[in-house]
Amino acid sequence: MIKSDITAAAAYLTPAGGTVVTAVAPCGIGQRDAGVLGFTTSLGFGKKLERIVADPHVALAFHTREHGFSVSPAFLLVQGTATVDLRPSRARLEALTPQAERYLGKVVRDPVWDRLLREYYGARVFVDIAGQRTAIWPDLSASRAMEVTGAAWPGFADP
């Protein structure tokens with residue numbers, strides 16, 4: 001259900017106790033049998049990475065299902081603990097290429113584009129999330145009853 005989304009919303013905590021929500025590209029990253037999913041990002045987004053490393057409690061919301069290959073109408077929220085792979089192996093980076101091409105189109109390779117996009121392609125990191133709780137709503141409005149697996153839902157905050 002999650003390996004077909006082109007974009008998701010990642011939420012991470014700030015030092016002041018707030019939350020930042022930003023778009024990320026999961027590109028099919030994950031191992032369902034291991035309960036791990038993730039996304040890739042550029043080292044150019046250092047503040048996001050610093051905050052995730054400092055407090056690895058994150059959430060990933062699959063909320064725009066129509067922009068990828070998913071046929072699911074569900075809103076999916078995965079909460080867990082992130083590990084940032086700041087120095088991914090060349091093999092891991094190269095394995096991402098066919099996954100990314102499925103969503104973003106053919107990677108342009110030639111001497112000029114390789115030089116121009118060196119940082120974009122080569123300075124990528126992976127954020128792997130060990131899922132601890134998953135909440136699924138039957139549709140993207142998330143207005144009906146949800147199904148929770150994993151850790152118990154803590155309830156809603158007081159108004």
# chains A, B, ... in the order shown; residues from 1 in each chain; ligands from 1
>>> residues_around(residues="segment 33-39 of chain A", least_positions_apart="2", cutoff="6 Å", atoms="only C-alpha atoms", output="CSV table (one decimal) with C-alpha atoms, in the first residue's frame")
chain,number,residue,atom,x,y,z
A,25,ALA,CA,9.8,11.5,-1.7
A,26,PRO,CA,9.5,7.9,-0.4
A,29,ILE,CA,11.8,2.9,0.0
A,30,GLY,CA,11.0,0.3,2.6
A,31,GLN,CA,10.8,-3.3,3.7
A,126,PHE,CA,18.2,8.0,3.5
A,127,VAL,CA,15.9,8.3,6.4
A,128,ASP,CA,14.7,4.8,7.5
A,129,ILE,CA,11.8,4.7,9.8
A,130,ALA,CA,11.1,1.7,12.1
A,131,GLY,CA,7.3,1.8,12.3
>>> residues_around(residues="Arg65 of chain A", least_positions_apart="2", cutoff="10 Å", atoms="only C-alpha atoms", output="list in words")
Met1, Ile2, Ser4, Asp5, Ile6, Thr7, Ala8, Phe62, His63, His67, Gly68, Phe69, Ser70, Val71, Ser72, Pro73, Ala74, Phe75, Leu76 and Leu140 of chain A
>>> write_last_selection(atoms="N, CA and C atoms", output="PDB file, in the first residue's frame")
ATOM      1  N   MET A   1       0.819  -1.198   0.000  1.00  0.00           N
ATOM      2  CA  MET A   1       0.000   0.000   0.000  1.00  0.00           C
ATOM      3  C   MET A   1       0.861   1.259   0.000  1.00  0.00           C
ATOM      4  N   ILE A   2       2.062   1.245   0.589  1.00  0.00           N
ATOM      5  CA  ILE A   2       2.869   2.456   0.681  1.00  0.00           C
ATOM      6  C   ILE A   2       3.991   2.524  -0.340  1.00  0.00           C
ATOM      7  N   SER A   4       3.834   2.652  -3.421  1.00  0.00           N
ATOM      8  CA  SER A   4       3.405   3.238  -4.685  1.00  0.00           C
ATOM      9  C   SER A   4       3.248   4.752  -4.630  1.00  0.00           C
ATOM     10  N   ASP A   5       3.559   5.363  -3.522  1.00  0.00           N
ATOM     11  CA  ASP A   5       3.360   6.804  -3.382  1.00  0.00           C
ATOM     12  C   ASP A   5       4.601   7.583  -3.800  1.00  0.00           C
ATOM     13  N   ILE A   6       4.385   8.682  -4.513  1.00  0.00           N
ATOM     14  CA  ILE A   6       5.490   9.523  -4.949  1.00  0.00           C
ATOM     15  C   ILE A   6       5.846  10.562  -3.889  1.00  0.00           C
ATOM     16  N   THR A   7       4.877  10.940  -3.087  1.00  0.00           N
ATOM     17  CA  THR A   7       5.142  11.944  -2.059  1.00  0.00           C
ATOM     18  C   THR A   7       4.400  11.591  -0.782  1.00  0.00           C
ATOM     19  N   ALA A   8       4.958  12.057   0.306  1.00  0.00           N
ATOM     20  CA  ALA A   8       4.338  11.885   1.615  1.00  0.00           C
ATOM     21  C   ALA A   8       4.715  13.110   2.445  1.00  0.00           C
ATOM     22  N   PHE A  62       0.795   9.407   4.358  1.00  0.00           N
ATOM     23  CA  PHE A  62       0.543   9.170   2.943  1.00  0.00           C
ATOM     24  C   PHE A  62      -0.837   9.744   2.660  1.00  0.00           C
ATOM     25  N   HIS A  63      -0.847  10.952   2.091  1.00  0.00           N
ATOM     26  CA  HIS A  63      -2.059  11.757   2.015  1.00  0.00           C
ATOM     27  C   HIS A  63      -2.422  12.220   0.609  1.00  0.00           C
ATOM     28  N   HIS A  67      -1.125  10.957  -6.710  1.00  0.00           N
ATOM     29  CA  HIS A  67       0.046  11.428  -7.444  1.00  0.00           C
ATOM     30  C   HIS A  67       1.093  10.351  -7.707  1.00  0.00           C
ATOM     31  N   GLY A  68       0.876   9.167  -7.225  1.00  0.00           N
ATOM     32  CA  GLY A  68       1.807   8.069  -7.479  1.00  0.00           C
ATOM     33  C   GLY A  68       1.096   6.969  -8.233  1.00  0.00           C
ATOM     34  N   PHE A  69       1.350   5.752  -7.818  1.00  0.00           N
ATOM     35  CA  PHE A  69       0.760   4.603  -8.471  1.00  0.00           C
ATOM     36  C   PHE A  69      -0.202   3.858  -7.547  1.00  0.00           C
ATOM     37  N   SER A  70      -0.466   4.418  -6.391  1.00  0.00           N
ATOM     38  CA  SER A  70      -1.355   3.765  -5.435  1.00  0.00           C
ATOM     39  C   SER A  70      -2.794   3.801  -5.927  1.00  0.00           C
ATOM     40  N   VAL A  71      -3.499   2.718  -5.677  1.00  0.00           N
ATOM     41  CA  VAL A  71      -4.928   2.679  -5.979  1.00  0.00           C
ATOM     42  C   VAL A  71      -5.734   2.743  -4.688  1.00  0.00           C
ATOM     43  N   SER A  72      -5.039   2.885  -3.584  1.00  0.00           N
ATOM     44  CA  SER A  72      -5.701   2.930  -2.287  1.00  0.00           C
ATOM     45  C   SER A  72      -6.286   4.313  -2.027  1.00  0.00           C
ATOM     46  N   PRO A  73      -7.509   4.368  -1.530  1.00  0.00           N
ATOM     47  CA  PRO A  73      -8.097   5.656  -1.158  1.00  0.00           C
ATOM     48  C   PRO A  73      -7.790   6.028   0.294  1.00  0.00           C
ATOM     49  N   ALA A  74      -7.033   5.198   1.001  1.00  0.00           N
ATOM     50  CA  ALA A  74      -6.821   5.379   2.441  1.00  0.00           C
ATOM     51  C   ALA A  74      -5.803   6.468   2.755  1.00  0.00           C
ATOM     52  N   PHE A  75      -6.012   7.116   3.898  1.00  0.00           N
ATOM     53  CA  PHE A  75      -5.030   8.019   4.496  1.00  0.00           C
ATOM     54  C   PHE A  75      -4.251   7.178   5.495  1.00  0.00           C
ATOM     55  N   LEU A  76      -2.952   7.133   5.340  1.00  0.00           N
ATOM     56  CA  LEU A  76      -2.103   6.273   6.156  1.00  0.00           C
ATOM     57  C   LEU A  76      -1.111   7.126   6.929  1.00  0.00           C
ATOM     58  N   LEU A 140      -9.158   9.744   2.264  1.00  0.00           N
ATOM     59  CA  LEU A 140      -8.212  10.827   2.494  1.00  0.00           C
ATOM     60  C   LEU A 140      -8.738  11.945   3.384  1.00  0.00           C
TER      61      LEU A 140
END
>>> residues_around(residues="Pro15 of chain A", least_positions_apart="3", cutoff="9 Å", atoms="only C-alpha atoms", output="list of chain:residue names")
A:Gly18, A:Arg51, A:Ala54, A:Asp55
>>> atom_distance(atom1="atom CA of Gly46 of chain A", atom2="atom CA of Thr22 of chain A")
13.3 Å
>>> select_by_dssp(residues="chain A", states="strand (DSSP E or B)", output="PyMOL selection string")
chain A and resi 8-13+19-25+30-31+36-42+57-62+75-85+124-137+147-150
>>> residues_around(residues="Arg124 of chain A", least_positions_apart="3", cutoff="8 Å", atoms="only C-alpha atoms", output="number ranges by chain")
A: 40-43, 86, 88, 93, 119-121
>>> write_last_selection(atoms="N, CA and C atoms", output="PDB file, in the first residue's frame")
ATOM      1  N   THR A  40      14.072   9.576   0.935  1.00  0.00           N
ATOM      2  CA  THR A  40      15.388  10.105   0.636  1.00  0.00           C
ATOM      3  C   THR A  40      15.306  11.618   0.600  1.00  0.00           C
ATOM      4  N   THR A  41      16.401  12.250   0.926  1.00  0.00           N
ATOM      5  CA  THR A  41      16.461  13.703   0.896  1.00  0.00           C
ATOM      6  C   THR A  41      17.897  14.106   0.600  1.00  0.00           C
ATOM      7  N   SER A  42      18.085  15.363   0.335  1.00  0.00           N
ATOM      8  CA  SER A  42      19.413  15.884   0.019  1.00  0.00           C
ATOM      9  C   SER A  42      20.093  16.387   1.284  1.00  0.00           C
ATOM     10  N   LEU A  43      21.416  16.316   1.299  1.00  0.00           N
ATOM     11  CA  LEU A  43      22.167  16.901   2.406  1.00  0.00           C
ATOM     12  C   LEU A  43      21.952  18.410   2.482  1.00  0.00           C
ATOM     13  N   LEU A  86      23.611   8.883   6.796  1.00  0.00           N
ATOM     14  CA  LEU A  86      24.282  10.071   6.260  1.00  0.00           C
ATOM     15  C   LEU A  86      25.345   9.738   5.217  1.00  0.00           C
ATOM     16  N   PRO A  88      25.351   6.876   2.758  1.00  0.00           N
ATOM     17  CA  PRO A  88      24.896   5.640   2.117  1.00  0.00           C
ATOM     18  C   PRO A  88      25.957   5.107   1.160  1.00  0.00           C
ATOM     19  N   LEU A  93      22.820   4.012  -3.166  1.00  0.00           N
ATOM     20  CA  LEU A  93      22.450   5.148  -4.009  1.00  0.00           C
ATOM     21  C   LEU A  93      22.068   4.682  -5.412  1.00  0.00           C
ATOM     22  N   GLU A 119      25.541  16.988  -6.878  1.00  0.00           N
ATOM     23  CA  GLU A 119      25.104  17.112  -5.481  1.00  0.00           C
ATOM     24  C   GLU A 119      23.701  16.546  -5.290  1.00  0.00           C
ATOM     25  N   TYR A 120      22.859  16.731  -6.285  1.00  0.00           N
ATOM     26  CA  TYR A 120      21.489  16.233  -6.168  1.00  0.00           C
ATOM     27  C   TYR A 120      21.458  14.713  -6.149  1.00  0.00           C
ATOM     28  N   TYR A 121      22.232  14.093  -7.039  1.00  0.00           N
ATOM     29  CA  TYR A 121      22.248  12.631  -7.109  1.00  0.00           C
ATOM     30  C   TYR A 121      23.166  12.002  -6.070  1.00  0.00           C
TER      31      TYR A 121
END
>>> residues_around(residues="Thr14 of chain A", least_positions_apart="2", cutoff="10 Å", atoms="only C-alpha atoms", output="PyMOL selection string")
chain A and resi 11-12+16-20+47-48+50-52+54-55
>>> residues_around(residues="Pro154 of chain A", least_positions_apart="3", cutoff="12 Å", atoms="only C-alpha atoms", output="list in words")
Gln79, Arg133, Ala135, Val148, Gly150, Ala151, Ala157 and Asp158 of chain A
>>> atom_distance(atom1="atom CA of Ser143 of chain A", atom2="atom CA of Leu60 of chain A")
18.1 Å
>>> atom_distance(atom1="atom CA of Val84 of chain A", atom2="atom CA of Glu66 of chain A")
27.8 Å
>>> decode(residues="segment 102-146 of chain A", atoms="C-alpha atoms", output="PDB file, in the first residue's frame")
ATOM      1  CA  ARG A 102       9.516   4.954 -11.791  1.00  0.00           C
ATOM      2  CA  TYR A 103       8.146   8.095 -10.133  1.00  0.00           C
ATOM      3  CA  LEU A 104      10.197  10.957 -11.535  1.00  0.00           C
ATOM      4  CA  GLY A 105      11.195   9.878 -15.022  1.00  0.00           C
ATOM      5  CA  LYS A 106      14.486   8.827 -16.567  1.00  0.00           C
ATOM      6  CA  VAL A 107      17.622  10.064 -14.818  1.00  0.00           C
ATOM      7  CA  VAL A 108      19.581  12.229 -17.222  1.00  0.00           C
ATOM      8  CA  ARG A 109      23.181  10.999 -17.504  1.00  0.00           C
ATOM      9  CA  ASP A 110      25.936  12.653 -19.515  1.00  0.00           C
ATOM     10  CA  PRO A 111      29.044  14.663 -18.594  1.00  0.00           C
ATOM     11  CA  VAL A 112      27.220  18.004 -18.382  1.00  0.00           C
ATOM     12  CA  TRP A 113      24.193  16.790 -16.402  1.00  0.00           C
ATOM     13  CA  ASP A 114      26.346  14.556 -14.193  1.00  0.00           C
ATOM     14  CA  ARG A 115      28.340  17.622 -13.174  1.00  0.00           C
ATOM     15  CA  LEU A 116      25.312  19.899 -12.727  1.00  0.00           C
ATOM     16  CA  LEU A 117      23.353  17.326 -10.724  1.00  0.00           C
ATOM     17  CA  ARG A 118      26.287  15.762  -8.835  1.00  0.00           C
ATOM     18  CA  GLU A 119      25.104  17.112  -5.481  1.00  0.00           C
ATOM     19  CA  TYR A 120      21.489  16.233  -6.168  1.00  0.00           C
ATOM     20  CA  TYR A 121      22.248  12.631  -7.109  1.00  0.00           C
ATOM     21  CA  GLY A 122      25.357  11.966  -5.046  1.00  0.00           C
ATOM     22  CA  ALA A 123      24.700  13.910  -1.844  1.00  0.00           C
ATOM     23  CA  ARG A 124      21.531  12.048  -0.963  1.00  0.00           C
ATOM     24  CA  VAL A 125      20.818  10.495   2.375  1.00  0.00           C
ATOM     25  CA  PHE A 126      18.221   7.983   3.468  1.00  0.00           C
ATOM     26  CA  VAL A 127      15.873   8.284   6.410  1.00  0.00           C
ATOM     27  CA  ASP A 128      14.745   4.821   7.480  1.00  0.00           C
ATOM     28  CA  ILE A 129      11.766   4.661   9.826  1.00  0.00           C
ATOM     29  CA  ALA A 130      11.055   1.685  12.066  1.00  0.00           C
ATOM     30  CA  GLY A 131       7.272   1.842  12.273  1.00  0.00           C
ATOM     31  CA  GLN A 132       5.824   1.547  15.760  1.00  0.00           C
ATOM     32  CA  ARG A 133       2.219   2.565  15.116  1.00  0.00           C
ATOM     33  CA  THR A 134       0.132   2.763  11.973  1.00  0.00           C
ATOM     34  CA  ALA A 135      -3.230   4.478  11.711  1.00  0.00           C
ATOM     35  CA  ILE A 136      -5.336   3.932   8.613  1.00  0.00           C
ATOM     36  CA  TRP A 137      -8.447   5.916   7.736  1.00  0.00           C
ATOM     37  CA  PRO A 138     -10.616   4.563   4.913  1.00  0.00           C
ATOM     38  CA  ASP A 139     -10.369   7.744   2.839  1.00  0.00           C
ATOM     39  CA  LEU A 140      -8.212  10.827   2.494  1.00  0.00           C
ATOM     40  CA  SER A 141     -10.561  13.010   4.548  1.00  0.00           C
ATOM     41  CA  ALA A 142      -9.532  10.987   7.647  1.00  0.00           C
ATOM     42  CA  SER A 143     -12.922  11.821   9.093  1.00  0.00           C
ATOM     43  CA  ARG A 144     -14.210   8.318   9.756  1.00  0.00           C
ATOM     44  CA  ALA A 145     -13.073   5.723  12.272  1.00  0.00           C
ATOM     45  CA  MET A 146      -9.467   4.636  11.975  1.00  0.00           C
TER      46      MET A 146
END
